[in-house]
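Asks: data17.txt is reproduced in full below (compact mmCIF, C-alpha atoms).
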```
# COMPACT_ATOMS: atom_id res chain seq x y z
CA MET A 229 -7.10 32.88 13.57
CA ILE A 230 -4.58 30.44 12.17
CA ASN A 231 -1.76 32.21 10.34
CA ASN A 232 -3.90 35.35 10.59
CA LYS A 233 -6.16 34.14 7.78
CA PHE A 234 -8.10 30.99 8.76
CA PHE A 235 -10.93 31.26 11.26
CA ALA A 236 -10.72 27.95 13.13
CA ILE A 237 -13.21 25.72 14.96
CA ASP A 238 -11.98 22.69 16.86
CA ALA A 239 -14.87 20.32 16.24
CA HIS A 240 -13.87 17.62 18.73
CA CYS A 241 -13.05 18.55 22.34
CA HIS A 242 -13.76 16.70 25.59
CA ILE A 243 -14.19 18.66 28.81
CA TYR A 244 -14.87 17.57 32.39
CA PRO A 245 -15.64 19.19 35.73
CA GLU A 246 -12.40 20.05 37.52
CA LYS A 247 -13.08 17.66 40.41
CA ILE A 248 -13.12 14.63 38.08
CA SER A 249 -10.98 15.79 35.16
CA GLU A 250 -7.81 14.02 36.25
CA ARG A 251 -9.62 10.72 36.70
CA ALA A 252 -11.51 11.08 33.42
CA VAL A 253 -8.38 11.87 31.41
CA HIS A 254 -6.49 9.00 33.03
CA GLY A 255 -9.30 6.61 32.07
CA THR A 256 -9.18 7.68 28.43
CA ASP A 257 -5.40 7.40 28.40
CA ASN A 258 -5.64 3.83 29.67
CA PHE A 259 -8.26 2.98 27.04
CA TYR A 260 -6.06 4.16 24.15
CA GLY A 261 -2.59 3.61 25.57
CA GLU A 262 -1.68 7.30 25.25
CA VAL A 263 -0.68 10.13 27.58
CA SER A 264 -2.85 13.20 27.13
CA VAL A 265 -1.33 16.65 26.73
CA GLY A 266 -4.21 18.54 28.37
CA THR A 267 -5.91 18.35 31.75
CA GLY A 268 -9.48 18.16 30.42
CA THR A 269 -10.66 21.43 31.99
CA VAL A 270 -12.22 24.33 30.12
CA ASP A 271 -9.51 26.75 31.23
CA ASN A 272 -6.79 24.47 29.91
CA LEU A 273 -8.63 23.90 26.63
CA LEU A 274 -9.03 27.62 26.03
CA SER A 275 -5.41 28.32 26.96
CA LEU A 276 -3.91 25.68 24.66
CA GLY A 277 -6.44 26.20 21.90
CA LYS A 278 -6.19 29.96 21.69
CA ALA A 279 -2.38 29.75 21.70
CA ALA A 280 -2.71 27.55 18.62
CA GLY A 281 -4.91 30.12 16.84
CA ILE A 282 -8.23 28.29 17.33
CA ASP A 283 -11.25 30.58 17.70
CA LYS A 284 -14.10 28.29 18.78
CA PHE A 285 -14.42 24.84 20.31
CA ILE A 286 -17.17 22.23 20.03
CA VAL A 287 -17.22 20.58 23.44
CA GLN A 288 -18.77 17.38 24.68
CA SER A 289 -18.56 14.52 27.16
CA VAL A 290 -19.93 10.97 27.19
CA ALA A 291 -22.40 9.32 29.56
CA THR A 292 -21.29 5.81 30.50
CA THR A 293 -24.62 5.18 32.27
CA PRO A 294 -28.13 6.55 31.60
CA LYS A 295 -28.25 8.33 34.95
CA GLN A 296 -25.31 10.53 33.93
CA VAL A 297 -26.98 11.92 30.81
CA GLN A 298 -28.82 14.96 32.13
CA SER A 299 -26.10 15.98 34.60
CA ILE A 300 -23.47 15.88 31.85
CA ASN A 301 -25.69 17.87 29.51
CA ASN A 302 -26.27 20.43 32.26
CA PHE A 303 -22.50 20.71 32.75
CA ILE A 304 -21.82 21.25 29.04
CA SER A 305 -24.59 23.85 28.86
CA GLU A 306 -23.24 25.69 31.90
CA GLN A 307 -19.76 25.86 30.42
CA VAL A 308 -21.14 27.21 27.14
CA SER A 309 -23.10 29.86 29.03
CA LEU A 310 -19.91 30.90 30.83
CA ASN A 311 -17.98 31.08 27.54
CA PRO A 312 -20.59 31.94 24.92
CA SER A 313 -18.18 33.48 22.43
CA THR A 314 -15.86 30.48 22.31
CA LEU A 315 -17.72 27.26 23.20
CA ILE A 316 -20.38 25.35 21.26
CA GLY A 317 -21.91 22.43 23.11
CA LEU A 318 -22.98 18.92 22.17
CA GLY A 319 -25.04 16.76 24.49
CA THR A 320 -24.87 13.07 25.25
CA LEU A 321 -27.44 10.27 25.20
CA HIS A 322 -27.35 6.64 26.30
CA PRO A 323 -29.24 3.87 24.49
CA ASP A 324 -30.27 2.23 27.80
CA SER A 325 -32.15 5.32 28.98
CA SER A 326 -35.70 4.61 30.14
CA ASP A 327 -36.91 7.77 28.36
CA LEU A 328 -34.78 8.80 25.42
CA ALA A 329 -37.37 11.30 24.23
CA ALA A 330 -37.26 13.13 27.56
CA ASP A 331 -33.47 13.14 27.58
CA LEU A 332 -33.45 14.60 24.07
CA GLU A 333 -36.04 17.24 24.97
CA HIS A 334 -33.86 18.25 27.92
CA LEU A 335 -30.78 18.38 25.68
CA MET A 336 -32.54 20.59 23.16
CA SER A 337 -33.93 22.87 25.88
CA LEU A 338 -30.32 23.60 26.84
CA GLY A 339 -29.54 24.85 23.34
CA LEU A 340 -27.00 22.12 22.57
CA HIS A 341 -26.14 21.61 18.90
CA GLY A 342 -26.05 17.84 18.59
CA VAL A 343 -25.33 14.52 20.27
CA LYS A 344 -22.03 12.77 20.99
CA LEU A 345 -21.96 8.97 21.07
CA HIS A 346 -18.99 6.71 21.84
CA PRO A 347 -20.01 3.09 21.20
CA ASP A 348 -16.76 1.62 22.55
CA ILE A 349 -16.78 3.49 25.86
CA GLN A 350 -20.57 3.35 26.20
CA ASN A 351 -20.46 -0.35 25.30
CA PHE A 352 -22.93 -0.73 22.47
CA LYS A 353 -22.79 -1.49 18.76
CA ILE A 354 -23.68 1.49 16.61
CA ASP A 355 -26.29 -0.51 14.69
CA ASP A 356 -27.78 -2.10 17.83
CA TYR A 357 -31.59 -1.97 17.91
CA ARG A 358 -31.38 0.03 21.17
CA CYS A 359 -29.82 2.92 19.26
CA LEU A 360 -32.43 3.20 16.55
CA LYS A 361 -34.65 5.45 18.67
CA ILE A 362 -31.73 7.86 19.07
CA TYR A 363 -31.31 8.08 15.31
CA GLU A 364 -35.03 8.47 14.73
CA LEU A 365 -35.28 11.30 17.25
CA CYS A 366 -32.15 13.11 16.06
CA GLU A 367 -33.27 12.84 12.44
CA LYS A 368 -36.72 14.15 13.36
CA HIS A 369 -35.30 17.14 15.23
CA ASP A 370 -32.45 17.80 12.77
CA LEU A 371 -29.76 17.20 15.40
CA PRO A 372 -26.38 16.02 14.10
CA ILE A 373 -24.56 13.13 15.76
CA LEU A 374 -20.82 13.11 16.38
CA VAL A 375 -19.87 9.46 16.81
CA HIS A 376 -16.58 7.87 17.71
CA ALA A 377 -15.84 5.63 14.75
CA GLY A 378 -13.46 2.73 14.35
CA ASP A 379 -11.15 0.55 16.41
CA ASN A 380 -9.27 -2.51 15.22
CA ARG A 381 -9.65 -4.02 18.71
CA TYR A 382 -13.45 -3.98 18.70
CA ASP A 383 -16.39 -4.10 16.31
CA ASN A 384 -18.76 -1.57 17.85
CA SER A 385 -18.30 1.45 15.63
CA ASN A 386 -16.49 0.22 12.54
CA PRO A 387 -17.61 1.20 9.02
CA ASN A 388 -19.53 -2.03 8.51
CA ARG A 389 -21.89 -0.92 11.29
CA LEU A 390 -21.90 2.82 10.58
CA LYS A 391 -22.62 2.57 6.86
CA PRO A 392 -26.06 0.87 7.18
CA VAL A 393 -27.16 3.44 9.76
CA ALA A 394 -26.25 6.29 7.42
CA GLU A 395 -28.03 4.57 4.53
CA ILE A 396 -31.26 4.08 6.54
CA TYR A 397 -31.37 7.49 8.27
CA THR A 398 -30.57 9.53 5.20
CA ASN A 399 -31.67 12.85 6.72
CA LEU A 400 -29.49 12.36 9.80
CA THR A 401 -26.18 14.23 9.69
CA ILE A 402 -23.41 12.04 11.06
CA VAL A 403 -19.90 13.27 11.84
CA ALA A 404 -17.72 10.17 12.05
CA ALA A 405 -14.73 10.99 14.22
CA HIS A 406 -11.13 10.04 13.47
CA LEU A 407 -11.47 10.15 9.68
CA GLY A 408 -14.34 7.70 9.96
CA GLY A 409 -12.36 4.88 11.54
CA TRP A 410 -9.72 5.12 14.25
CA SER A 411 -6.86 2.69 13.50
CA ILE A 412 -8.59 1.57 10.26
CA TRP A 413 -8.45 4.93 8.50
CA GLN A 414 -8.03 3.79 4.88
CA LYS A 415 -10.64 1.03 5.15
CA ALA A 416 -13.09 3.56 6.60
CA ALA A 417 -12.52 6.04 3.78
CA GLU A 418 -13.17 3.36 1.19
CA LYS A 419 -16.52 2.44 2.77
CA LEU A 420 -17.84 5.83 3.90
CA HIS A 421 -16.65 8.42 1.40
CA ASP A 422 -19.70 8.33 -0.86
CA LEU A 423 -22.36 8.71 1.86
CA PRO A 424 -23.87 12.20 1.41
CA ASN A 425 -24.93 12.58 5.06
CA VAL A 426 -21.58 11.56 6.56
CA PHE A 427 -18.81 14.01 7.45
CA VAL A 428 -15.56 13.07 9.20
CA ASP A 429 -13.24 14.90 11.56
CA CYS A 430 -9.48 14.45 11.52
CA SER A 431 -9.01 14.14 15.29
CA SER A 432 -6.69 11.45 16.72
CA SER A 433 -5.64 10.45 13.22
CA LEU A 434 -2.77 12.52 11.86
CA PRO A 435 -0.28 11.51 14.61
CA TYR A 436 -0.63 7.89 13.47
CA ILE A 437 -0.48 8.10 9.68
CA SER A 438 1.95 9.53 7.16
CA THR A 439 1.40 12.80 5.35
CA GLU A 440 0.99 10.89 2.10
CA THR A 441 -1.66 8.61 3.57
CA ALA A 442 -3.48 11.55 5.13
CA ARG A 443 -3.60 13.42 1.83
CA ALA A 444 -4.90 10.33 0.06
CA ILE A 445 -7.66 9.94 2.65
CA PHE A 446 -8.54 13.64 2.41
CA ASP A 447 -8.75 13.24 -1.37
CA THR A 448 -10.99 10.20 -1.02
CA TYR A 449 -13.51 12.00 1.17
CA GLY A 450 -13.13 15.39 -0.48
CA VAL A 451 -12.42 18.56 1.48
CA ASP A 452 -16.13 19.40 1.77
CA LYS A 453 -16.52 16.44 4.15
CA ILE A 454 -13.60 16.99 6.56
CA LEU A 455 -13.70 18.90 9.86
CA PHE A 456 -10.69 19.97 11.88
CA GLY A 457 -10.61 18.45 15.36
CA THR A 458 -7.96 17.83 18.01
CA ASP A 459 -9.61 15.32 20.39
CA TYR A 460 -8.51 17.57 23.24
CA PRO A 461 -7.15 16.75 25.81
CA MET A 462 -5.31 13.93 24.03
CA TRP A 463 -3.20 15.98 21.64
CA SER A 464 -1.56 19.40 21.51
CA PRO A 465 -3.82 21.77 19.55
CA ALA A 466 -0.74 23.54 18.17
CA ASP A 467 0.69 20.24 16.93
CA GLU A 468 -2.62 19.27 15.33
CA VAL A 469 -2.80 22.61 13.52
CA ARG A 470 0.75 22.08 12.23
CA ARG A 471 -0.10 18.57 11.05
CA VAL A 472 -3.05 19.82 9.02
CA LEU A 473 -1.06 22.69 7.57
CA SER A 474 1.71 20.26 6.57
CA LEU A 475 -0.70 18.69 4.06
CA ASP A 476 -0.08 21.78 1.89
CA LEU A 477 -3.66 22.29 0.76
CA SER A 478 -5.12 25.40 -0.85
CA ASP A 479 -6.39 28.35 1.18
CA ASN A 480 -9.91 27.53 0.02
CA ASP A 481 -9.53 23.95 1.26
CA TYR A 482 -8.22 25.13 4.62
CA THR A 483 -11.10 27.58 5.00
CA LYS A 484 -13.52 24.67 4.60
CA ILE A 485 -11.64 22.27 6.87
CA PHE A 486 -10.89 24.75 9.66
CA SER A 487 -14.39 26.22 9.96
CA GLN A 488 -16.94 26.15 7.13
CA ASN A 489 -17.56 22.40 7.21
CA ALA A 490 -18.14 22.42 10.96
CA LEU A 491 -20.60 25.32 10.66
CA HIS A 492 -22.46 23.37 7.99
CA ALA A 493 -22.42 19.95 9.65
CA PHE A 494 -23.50 21.21 13.08
CA LYS A 495 -25.94 23.74 11.64
CA ILE A 496 -24.34 26.68 13.45
```
Would you write out, as structure tokens, the structure that this file holds?
Replies:
Amino acid sequence: MINNKFFAIDAHCHIYPEKISERAVHGTDNFYGEVSVGTGTVDNLLSLGKAAGIDKFIVQSVATTPKQVQSINNFISEQVSLNPSTLIGLGTLHPDSSDLAADLEHLMSLGLHGVKLHPDIQNFKIDDYRCLKIYELCEKHDLPILVHAGDNRYDNSNPNRLKPVAEIYTNLTIVAAHLGGWSIWQKAAEKLHDLPNVFVDCSSSLPYISTETARAIFDTYGVDKILFGTDYPMWSPADEVRRVLSLDLSDNDYTKIFSQNALHAFKI
């Protein structure tokens, strides 16, 4: 519990097997030009997260090739089974898979709660024709998608590509990470705030923008659309909690942001 009154779910956490965690974290650090606080292991996530008052963690990883999909989903499922009271798992898919339907059936058989996509790291545009089958299947099976959104260096996941997808697949719940557009936060809010099936998380955003800008973006989306997330292992969970609390919102708003919106968006 945060401040002994807010049940908290971290809706955006990356975890890796211990034997590759150092390499995986280093690769992400190089991609974003940052130095991660965490090690990327489950034990480290739970240690840092619980110290910050976080109760549950939505965990995921990303397949950079189709052949990694099922092994990653097995890993996430195994970690959830080892920590059933604290972890909630998302699976991964890859648009170049030879059998997306089979990969999704496997993901669902593991009890995972949605799909994580990262167009920049997986190297596809979010509105690419190869991805349409993913959206069709997830919409059909009522599986939410958490998608990395935004980057001023690329045009794979920016709002101009995300908005048409949300408008076509209107029964697909999309959680757009990083306030809908990493490094283009205000532009993303302007384009995405009125889409009824789009939520956003606040991960990897608050360290880069002022409190005033953050509050304006929160107001644009509305607190019913915003999920708390840390993007572990990149940032300190305790620091991310403090950044959200510094926005000086109401207790009702914090209850939504810290847990209720995540429960709703991921159908938990």
Asks: Tell me which of A:Ser478, A:Asn425, A:Gln288, A:Asn232 sits closest to Leu390 of chain A, counting all atoms listed in the file.
Replies: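 Using all atoms listed in the file, Leu390 of chain A sits closest to A:Asn425.
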Asks: Pick out the closest residue to Tyr449 of chain A from this set: A:Val253, A:Ile485, A:Leu491, A:Val469. Count all atoms listed in the file.
Replies: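 Closest to Tyr449 of chain A of all the choices is A:Ile485.
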Asks: Can you build me a table of segment 429-491 of chain A residues sitting at most 10 Å from segment 392-403 of chain A, with the closest atom pair per residue and its distance in Å to one decimal, using all atoms listed in the file, sorted by chain and residue number, as CSV?
Replies:
```
residue,atom,partner,partner_atom,distance
A:Asp429,CA,A:Val403,CA,6.9
A:Lys453,CA,A:Val403,CA,9.0
A:Ile454,CA,A:Val403,CA,9.0
A:Leu455,CA,A:Val403,CA,8.6
A:Ala490,CA,A:Val403,CA,9.4
```
Asks: Keeping only C-alpha atoms, write the selected residues to a file as a PDB file, in the coordinates of the input.
Replies:
```pdb
ATOM      1  CA  ASP A 429     -13.240  14.900  11.560  1.00  0.00           C
ATOM      2  CA  LYS A 453     -16.520  16.440   4.150  1.00  0.00           C
ATOM      3  CA  ILE A 454     -13.600  16.990   6.560  1.00  0.00           C
ATOM      4  CA  LEU A 455     -13.700  18.900   9.860  1.00  0.00           C
ATOM      5  CA  ALA A 490     -18.140  22.420  10.960  1.00  0.00           C
TER       6      ALA A 490
END
```
Asks: Quick one: residues within 6 Å of segment 381-386 of chain A, all atoms listed in the file, excluding same-chain residues fewer than 3 positions away - as an NGL selection string?
Replies: :A and (347 or 353-354 or 377-378 or 389)
Asks: When you draw a straight line from atom CA of Val265 of chain A to atom CA of Gly450 of chain A, how long is it in Å?
Replies: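 So the answer is 29.7 Å.
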Asks: Would you compute the distance between atom CA of Leu360 of chain A and atom CA of Lys391 of chain A? Give it in Å to one decimal.
Replies: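 These atoms are spaced 13.8 Å apart.
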Asks: Using all atoms listed in the file, can you tell me which of A:Lys278, A:His254, A:His334, A:Lys484 comes closest to Ala466 of chain A?
Replies: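 The answer is A:Lys278, which sits nearest to Ala466 of chain A.
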Asks: Determine, counting all atoms listed in the file, which protein, DNA and RNA residues have an atom within 7 Å of an atom of Lys344 of chain A; residues of the same chain fewer than 6 positions away are not included. Present the result as an mmCIF file with C-alpha atoms, in the coordinates of the input.
Replies:
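The resulting result.cif:
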```cif
data_model
loop_
_atom_site.group_PDB
_atom_site.id
_atom_site.type_symbol
_atom_site.label_atom_id
_atom_site.label_comp_id
_atom_site.auth_asym_id
_atom_site.auth_seq_id
_atom_site.Cartn_x
_atom_site.Cartn_y
_atom_site.Cartn_z
ATOM 1 C CA GLN A 288 -18.770 17.380 24.680
ATOM 2 C CA VAL A 290 -19.930 10.970 27.190
ATOM 3 C CA LEU A 318 -22.980 18.920 22.170
ATOM 4 C CA GLY A 319 -25.040 16.760 24.490
ATOM 5 C CA THR A 320 -24.870 13.070 25.250
ATOM 6 C CA ILE A 373 -24.560 13.130 15.760
ATOM 7 C CA LEU A 374 -20.820 13.110 16.380
ATOM 8 C CA VAL A 375 -19.870 9.460 16.810
#
```
Asks: Can you tell me how far atom CA of Thr441 of chain A sits from atom CA of Asp459 of chain A, in Å to one decimal?
Replies: 19.8 Å
Asks: I'd like the neighbourhood of Gln488 of chain A as a PDB file with C-alpha atoms, keeping the file's coordinate frame, where a residue qualifies if any of its atoms comes within 9 Å (using only C-alpha atoms), though same-chain residues fewer than 4 positions away should be ignored.
Replies:
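File part-v2.pdb, as written:
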```pdb
ATOM      1  CA  PHE A 235     -10.930  31.260  11.260  1.00  0.00           C
ATOM      2  CA  ALA A 236     -10.720  27.950  13.130  1.00  0.00           C
ATOM      3  CA  ILE A 237     -13.210  25.720  14.960  1.00  0.00           C
ATOM      4  CA  ASP A 452     -16.130  19.400   1.770  1.00  0.00           C
ATOM      5  CA  LEU A 455     -13.700  18.900   9.860  1.00  0.00           C
ATOM      6  CA  THR A 483     -11.100  27.580   5.000  1.00  0.00           C
ATOM      7  CA  LYS A 484     -13.520  24.670   4.600  1.00  0.00           C
ATOM      8  CA  HIS A 492     -22.460  23.370   7.990  1.00  0.00           C
ATOM      9  CA  ALA A 493     -22.420  19.950   9.650  1.00  0.00           C
TER      10      ALA A 493
END
```
Asks: Hey, can I get the axis-aligned box for segment 269-279 of chain A? All listed atoms, 3 Å padding on each side, centre and edge lengths in Å to one decimal, as JSON.
Replies:
```
{"center_x": -7.3, "center_y": 25.7, "center_z": 26.8, "size_x": 15.8, "size_y": 14.5, "size_z": 16.3}
```
